[in-house]
Amino acid sequence: MIKVSNILARKGGRIVTIDAGKSVLEALKLMADENIGSVVILEDGEYAGLLTERDYARKVILKGKSSHETLVRDIMSTGLPRILPDNSIETCMHIMSESNIRYLPVFIDDTLCGIISINDLVTETILSQLETIEQLKSYIHS
């Protein structure tokens with residue numbers, strides 16, 4: 001069974017963050033520079049939520065707000081389900097599907113240790129299937 005810890009090990013432990021008091025435009029620039037679809041929001045140095053491209057589209061663009069004037073704290077996603085490194089990718093897929101979300105924060109106790117995306121789950125599933133295919137090919141040819 002593939003666990004969240006496998007994904008985090010493959011991705012590395014780097015977490016991209018921005019302060020909740022920054023403008024949405026600053027967060028978008030950071031996300032573009034890092035080529036990521038979400039950024040961790042910190043309030044007083046602590047995890048407060050995530051800002052995603054979906055948050056921007058629905059809470060700024062569609063409402064006619066300004067990216068320069070709107071603060072990250074005003075549109076970030078909060079109260080997201082928290083997962084553990086020991087959770088399976090199947091559990092994560094279920095949570096994401098039921099909650100209609102694309103990102104999950106990973107915690108050990110109350111410490112954020114990573115973020116996983118639906119793309120991470122798909123990639124890990126594909127890698128696992130390729131490994132299984134190679135093992136079956138090897139078995140057949142031996």
# chains A, B, ... in the order shown; residues from 1 in each chain; ligands from 1
>>> select_by_dssp(residues="chain A", states="helix (DSSP H, G or I)", output="ChimeraX atom specification")
/A:4-11,24-34,53-61,72-75,89-99,118-141
>>> atom_distance(atom1="CA of Ile15 (chain A)", atom2="CA of Pro85 (chain A)")
15.0 Å
>>> residues_around(residues="region 52-65 of chain A", least_positions_apart="2", cutoff="12 Å", atoms="only C-alpha atoms", output="number ranges by chain")
A: 23-25, 27-32, 35-41, 49-50, 67-78, 100-104, 115, 117
>>> select_by_dssp(residues="region 22-83 of chain A", states="strand (DSSP E)", output="list in words")
Ser38, Val39, Val40, Ile41, Leu42, Glu43, Glu46, Tyr47, Ala48, Gly49, Leu50, Leu51 and Thr52 of chain A
>>> write_last_selection(atoms="N, CA, C and O atoms", output="mmCIF file, in the first residue's frame")
data_model
loop_
_atom_site.group_PDB
_atom_site.id
_atom_site.type_symbol
_atom_site.label_atom_id
_atom_site.label_comp_id
_atom_site.auth_asym_id
_atom_site.auth_seq_id
_atom_site.Cartn_x
_atom_site.Cartn_y
_atom_site.Cartn_z
ATOM 1 N N SER A 38 -0.683 25.918 -5.482
ATOM 2 C CA SER A 38 -1.151 26.334 -4.160
ATOM 3 C C SER A 38 0.050 26.769 -3.334
ATOM 4 O O SER A 38 1.185 26.362 -3.610
ATOM 5 N N VAL A 39 -0.228 27.579 -2.334
ATOM 6 C CA VAL A 39 0.824 28.030 -1.434
ATOM 7 C C VAL A 39 0.273 27.984 -0.013
ATOM 8 O O VAL A 39 -0.902 28.263 0.224
ATOM 9 N N VAL A 40 1.129 27.610 0.930
ATOM 10 C CA VAL A 40 0.750 27.547 2.336
ATOM 11 C C VAL A 40 0.717 28.962 2.904
ATOM 12 O O VAL A 40 1.638 29.744 2.694
ATOM 13 N N ILE A 41 -0.345 29.264 3.632
ATOM 14 C CA ILE A 41 -0.507 30.576 4.235
ATOM 15 C C ILE A 41 -0.163 30.495 5.717
ATOM 16 O O ILE A 41 -0.655 29.625 6.437
ATOM 17 N N LEU A 42 0.699 31.433 6.133
ATOM 18 C CA LEU A 42 1.102 31.510 7.531
ATOM 19 C C LEU A 42 0.522 32.765 8.170
ATOM 20 O O LEU A 42 0.515 33.829 7.573
ATOM 21 N N GLU A 43 0.035 32.599 9.385
ATOM 22 C CA GLU A 43 -0.443 33.720 10.197
ATOM 23 C C GLU A 43 0.352 33.666 11.489
ATOM 24 O O GLU A 43 0.308 32.659 12.208
ATOM 25 N N GLU A 46 2.461 30.539 11.889
ATOM 26 C CA GLU A 46 1.776 29.251 12.017
ATOM 27 C C GLU A 46 0.894 28.987 10.796
ATOM 28 O O GLU A 46 0.367 29.915 10.189
ATOM 29 N N TYR A 47 0.703 27.701 10.484
ATOM 30 C CA TYR A 47 -0.177 27.306 9.380
ATOM 31 C C TYR A 47 -1.573 27.880 9.600
ATOM 32 O O TYR A 47 -2.169 27.715 10.660
ATOM 33 N N ALA A 48 -2.106 28.559 8.559
ATOM 34 C CA ALA A 48 -3.455 29.121 8.644
ATOM 35 C C ALA A 48 -4.375 28.579 7.557
ATOM 36 O O ALA A 48 -5.597 28.590 7.711
ATOM 37 N N GLY A 49 -3.794 28.110 6.442
ATOM 38 C CA GLY A 49 -4.600 27.600 5.351
ATOM 39 C C GLY A 49 -3.801 27.524 4.073
ATOM 40 O O GLY A 49 -2.565 27.609 4.089
ATOM 41 N N LEU A 50 -4.503 27.347 2.963
ATOM 42 C CA LEU A 50 -3.883 27.278 1.639
ATOM 43 C C LEU A 50 -4.550 28.295 0.720
ATOM 44 O O LEU A 50 -5.746 28.547 0.834
ATOM 45 N N LEU A 51 -3.762 28.826 -0.178
ATOM 46 C CA LEU A 51 -4.308 29.631 -1.257
ATOM 47 C C LEU A 51 -4.083 28.841 -2.533
ATOM 48 O O LEU A 51 -2.963 28.426 -2.829
ATOM 49 N N THR A 52 -5.154 28.623 -3.281
ATOM 50 C CA THR A 52 -5.069 27.843 -4.510
ATOM 51 C C THR A 52 -5.486 28.695 -5.704
ATOM 52 O O THR A 52 -6.120 29.750 -5.548
#
>>> decode(residues="region 93-140 of chain A", atoms="N, CA and C atoms", output="PDB file, in the first residue's frame")
ATOM      1  N   MET A  93      -7.406  10.056  -1.918  1.00  0.00           N
ATOM      2  CA  MET A  93      -8.277  10.202  -3.085  1.00  0.00           C
ATOM      3  C   MET A  93      -9.737  10.319  -2.651  1.00  0.00           C
ATOM      4  N   HIS A  94     -10.112   9.499  -1.688  1.00  0.00           N
ATOM      5  CA  HIS A  94     -11.485   9.528  -1.180  1.00  0.00           C
ATOM      6  C   HIS A  94     -11.783  10.889  -0.543  1.00  0.00           C
ATOM      7  N   ILE A  95     -10.885  11.380   0.302  1.00  0.00           N
ATOM      8  CA  ILE A  95     -11.082  12.672   0.970  1.00  0.00           C
ATOM      9  C   ILE A  95     -11.184  13.790  -0.060  1.00  0.00           C
ATOM     10  N   MET A  96     -10.278  13.784  -1.034  1.00  0.00           N
ATOM     11  CA  MET A  96     -10.291  14.834  -2.052  1.00  0.00           C
ATOM     12  C   MET A  96     -11.575  14.793  -2.878  1.00  0.00           C
ATOM     13  N   SER A  97     -11.994  13.614  -3.228  1.00  0.00           N
ATOM     14  CA  SER A  97     -13.206  13.457  -4.022  1.00  0.00           C
ATOM     15  C   SER A  97     -14.440  13.904  -3.231  1.00  0.00           C
ATOM     16  N   GLU A  98     -14.557  13.444  -2.001  1.00  0.00           N
ATOM     17  CA  GLU A  98     -15.709  13.800  -1.165  1.00  0.00           C
ATOM     18  C   GLU A  98     -15.760  15.291  -0.849  1.00  0.00           C
ATOM     19  N   SER A  99     -14.587  15.911  -0.675  1.00  0.00           N
ATOM     20  CA  SER A  99     -14.524  17.325  -0.297  1.00  0.00           C
ATOM     21  C   SER A  99     -14.391  18.255  -1.497  1.00  0.00           C
ATOM     22  N   ASN A 100     -14.236  17.680  -2.691  1.00  0.00           N
ATOM     23  CA  ASN A 100     -14.056  18.444  -3.925  1.00  0.00           C
ATOM     24  C   ASN A 100     -12.884  19.426  -3.807  1.00  0.00           C
ATOM     25  N   ILE A 101     -11.746  18.889  -3.371  1.00  0.00           N
ATOM     26  CA  ILE A 101     -10.533  19.689  -3.224  1.00  0.00           C
ATOM     27  C   ILE A 101      -9.388  19.011  -3.954  1.00  0.00           C
ATOM     28  N   ARG A 102      -8.334  19.772  -4.209  1.00  0.00           N
ATOM     29  CA  ARG A 102      -7.194  19.254  -4.969  1.00  0.00           C
ATOM     30  C   ARG A 102      -5.903  19.197  -4.175  1.00  0.00           C
ATOM     31  N   TYR A 103      -5.932  19.718  -2.949  1.00  0.00           N
ATOM     32  CA  TYR A 103      -4.725  19.759  -2.119  1.00  0.00           C
ATOM     33  C   TYR A 103      -5.069  19.360  -0.696  1.00  0.00           C
ATOM     34  N   LEU A 104      -4.123  18.661  -0.058  1.00  0.00           N
ATOM     35  CA  LEU A 104      -4.299  18.270   1.337  1.00  0.00           C
ATOM     36  C   LEU A 104      -3.035  18.593   2.128  1.00  0.00           C
ATOM     37  N   PRO A 105      -3.191  19.253   3.283  1.00  0.00           N
ATOM     38  CA  PRO A 105      -2.032  19.461   4.153  1.00  0.00           C
ATOM     39  C   PRO A 105      -1.738  18.177   4.941  1.00  0.00           C
ATOM     40  N   VAL A 106      -0.457  17.901   5.093  1.00  0.00           N
ATOM     41  CA  VAL A 106      -0.014  16.705   5.811  1.00  0.00           C
ATOM     42  C   VAL A 106       0.601  17.161   7.135  1.00  0.00           C
ATOM     43  N   PHE A 107       0.129  16.569   8.229  1.00  0.00           N
ATOM     44  CA  PHE A 107       0.591  16.961   9.555  1.00  0.00           C
ATOM     45  C   PHE A 107       1.135  15.775  10.332  1.00  0.00           C
ATOM     46  N   ILE A 108       2.140  16.059  11.139  1.00  0.00           N
ATOM     47  CA  ILE A 108       2.582  15.157  12.194  1.00  0.00           C
ATOM     48  C   ILE A 108       2.312  15.927  13.472  1.00  0.00           C
ATOM     49  N   ASP A 109       1.407  15.413  14.292  1.00  0.00           N
ATOM     50  CA  ASP A 109       0.889  16.149  15.444  1.00  0.00           C
ATOM     51  C   ASP A 109       0.306  17.461  14.925  1.00  0.00           C
ATOM     52  N   ASP A 110       0.776  18.597  15.397  1.00  0.00           N
ATOM     53  CA  ASP A 110       0.255  19.879  14.908  1.00  0.00           C
ATOM     54  C   ASP A 110       1.250  20.590  14.009  1.00  0.00           C
ATOM     55  N   THR A 111       2.217  19.848  13.487  1.00  0.00           N
ATOM     56  CA  THR A 111       3.250  20.442  12.640  1.00  0.00           C
ATOM     57  C   THR A 111       3.026  20.064  11.183  1.00  0.00           C
ATOM     58  N   LEU A 112       2.913  21.081  10.337  1.00  0.00           N
ATOM     59  CA  LEU A 112       2.767  20.846   8.900  1.00  0.00           C
ATOM     60  C   LEU A 112       4.071  20.264   8.363  1.00  0.00           C
ATOM     61  N   CYS A 113       3.976  19.142   7.659  1.00  0.00           N
ATOM     62  CA  CYS A 113       5.195  18.524   7.109  1.00  0.00           C
ATOM     63  C   CYS A 113       5.147  18.392   5.591  1.00  0.00           C
ATOM     64  N   GLY A 114       4.044  18.844   4.964  1.00  0.00           N
ATOM     65  CA  GLY A 114       3.975  18.800   3.514  1.00  0.00           C
ATOM     66  C   GLY A 114       2.573  19.063   3.003  1.00  0.00           C
ATOM     67  N   ILE A 115       2.511  19.197   1.693  1.00  0.00           N
ATOM     68  CA  ILE A 115       1.240  19.360   0.984  1.00  0.00           C
ATOM     69  C   ILE A 115       1.249  18.341  -0.144  1.00  0.00           C
ATOM     70  N   ILE A 116       0.144  17.633  -0.317  1.00  0.00           N
ATOM     71  CA  ILE A 116       0.042  16.756  -1.478  1.00  0.00           C
ATOM     72  C   ILE A 116      -1.118  17.218  -2.341  1.00  0.00           C
ATOM     73  N   SER A 117      -0.954  17.009  -3.631  1.00  0.00           N
ATOM     74  CA  SER A 117      -1.971  17.417  -4.598  1.00  0.00           C
ATOM     75  C   SER A 117      -2.547  16.184  -5.281  1.00  0.00           C
ATOM     76  N   ILE A 118      -3.647  16.391  -5.974  1.00  0.00           N
ATOM     77  CA  ILE A 118      -4.226  15.300  -6.747  1.00  0.00           C
ATOM     78  C   ILE A 118      -3.223  14.821  -7.794  1.00  0.00           C
ATOM     79  N   ASN A 119      -2.429  15.737  -8.325  1.00  0.00           N
ATOM     80  CA  ASN A 119      -1.390  15.377  -9.291  1.00  0.00           C
ATOM     81  C   ASN A 119      -0.362  14.440  -8.661  1.00  0.00           C
ATOM     82  N   ASP A 120      -0.006  14.689  -7.411  1.00  0.00           N
ATOM     83  CA  ASP A 120       0.928  13.800  -6.702  1.00  0.00           C
ATOM     84  C   ASP A 120       0.354  12.388  -6.597  1.00  0.00           C
ATOM     85  N   LEU A 121      -0.936  12.297  -6.308  1.00  0.00           N
ATOM     86  CA  LEU A 121      -1.582  10.987  -6.180  1.00  0.00           C
ATOM     87  C   LEU A 121      -1.613  10.261  -7.517  1.00  0.00           C
ATOM     88  N   VAL A 122      -1.922  10.983  -8.574  1.00  0.00           N
ATOM     89  CA  VAL A 122      -1.951  10.381  -9.909  1.00  0.00           C
ATOM     90  C   VAL A 122      -0.550   9.911 -10.300  1.00  0.00           C
ATOM     91  N   THR A 123       0.447  10.747 -10.076  1.00  0.00           N
ATOM     92  CA  THR A 123       1.829  10.388 -10.406  1.00  0.00           C
ATOM     93  C   THR A 123       2.272   9.146  -9.643  1.00  0.00           C
ATOM     94  N   GLU A 124       1.983   9.097  -8.360  1.00  0.00           N
ATOM     95  CA  GLU A 124       2.380   7.953  -7.544  1.00  0.00           C
ATOM     96  C   GLU A 124       1.665   6.681  -8.003  1.00  0.00           C
ATOM     97  N   THR A 125       0.403   6.795  -8.386  1.00  0.00           N
ATOM     98  CA  THR A 125      -0.352   5.649  -8.881  1.00  0.00           C
ATOM     99  C   THR A 125       0.249   5.136 -10.189  1.00  0.00           C
ATOM    100  N   ILE A 126       0.591   6.039 -11.085  1.00  0.00           N
ATOM    101  CA  ILE A 126       1.205   5.652 -12.364  1.00  0.00           C
ATOM    102  C   ILE A 126       2.548   4.978 -12.132  1.00  0.00           C
ATOM    103  N   LEU A 127       3.374   5.558 -11.269  1.00  0.00           N
ATOM    104  CA  LEU A 127       4.688   4.964 -10.974  1.00  0.00           C
ATOM    105  C   LEU A 127       4.534   3.562 -10.391  1.00  0.00           C
ATOM    106  N   SER A 128       3.566   3.393  -9.521  1.00  0.00           N
ATOM    107  CA  SER A 128       3.319   2.083  -8.924  1.00  0.00           C
ATOM    108  C   SER A 128       2.867   1.077  -9.979  1.00  0.00           C
ATOM    109  N   GLN A 129       2.008   1.506 -10.884  1.00  0.00           N
ATOM    110  CA  GLN A 129       1.545   0.611 -11.940  1.00  0.00           C
ATOM    111  C   GLN A 129       2.675   0.245 -12.900  1.00  0.00           C
ATOM    112  N   LEU A 130       3.539   1.200 -13.217  1.00  0.00           N
ATOM    113  CA  LEU A 130       4.699   0.899 -14.076  1.00  0.00           C
ATOM    114  C   LEU A 130       5.622  -0.111 -13.419  1.00  0.00           C
ATOM    115  N   GLU A 131       5.805   0.040 -12.118  1.00  0.00           N
ATOM    116  CA  GLU A 131       6.644  -0.910 -11.381  1.00  0.00           C
ATOM    117  C   GLU A 131       6.029  -2.305 -11.415  1.00  0.00           C
ATOM    118  N   THR A 132       4.735  -2.392 -11.244  1.00  0.00           N
ATOM    119  CA  THR A 132       4.038  -3.682 -11.306  1.00  0.00           C
ATOM    120  C   THR A 132       4.171  -4.295 -12.696  1.00  0.00           C
ATOM    121  N   ILE A 133       4.028  -3.497 -13.730  1.00  0.00           N
ATOM    122  CA  ILE A 133       4.168  -3.975 -15.106  1.00  0.00           C
ATOM    123  C   ILE A 133       5.566  -4.530 -15.341  1.00  0.00           C
ATOM    124  N   GLU A 134       6.569  -3.817 -14.879  1.00  0.00           N
ATOM    125  CA  GLU A 134       7.953  -4.280 -15.043  1.00  0.00           C
ATOM    126  C   GLU A 134       8.196  -5.590 -14.300  1.00  0.00           C
ATOM    127  N   GLN A 135       7.640  -5.712 -13.115  1.00  0.00           N
ATOM    128  CA  GLN A 135       7.778  -6.947 -12.347  1.00  0.00           C
ATOM    129  C   GLN A 135       7.094  -8.111 -13.066  1.00  0.00           C
ATOM    130  N   LEU A 136       5.924  -7.871 -13.633  1.00  0.00           N
ATOM    131  CA  LEU A 136       5.226  -8.918 -14.376  1.00  0.00           C
ATOM    132  C   LEU A 136       5.987  -9.308 -15.634  1.00  0.00           C
ATOM    133  N   LYS A 137       6.544  -8.321 -16.326  1.00  0.00           N
ATOM    134  CA  LYS A 137       7.364  -8.620 -17.521  1.00  0.00           C
ATOM    135  C   LYS A 137       8.561  -9.471 -17.129  1.00  0.00           C
ATOM    136  N   SER A 138       9.201  -9.100 -16.059  1.00  0.00           N
ATOM    137  CA  SER A 138      10.371  -9.843 -15.590  1.00  0.00           C
ATOM    138  C   SER A 138       9.992 -11.285 -15.236  1.00  0.00           C
ATOM    139  N   TYR A 139       8.849 -11.451 -14.586  1.00  0.00           N
ATOM    140  CA  TYR A 139       8.377 -12.768 -14.198  1.00  0.00           C
ATOM    141  C   TYR A 139       8.075 -13.620 -15.440  1.00  0.00           C
ATOM    142  N   ILE A 140       7.434 -13.013 -16.413  1.00  0.00           N
ATOM    143  CA  ILE A 140       7.060 -13.737 -17.635  1.00  0.00           C
ATOM    144  C   ILE A 140       8.313 -14.177 -18.413  1.00  0.00           C
TER     145      ILE A 140
END
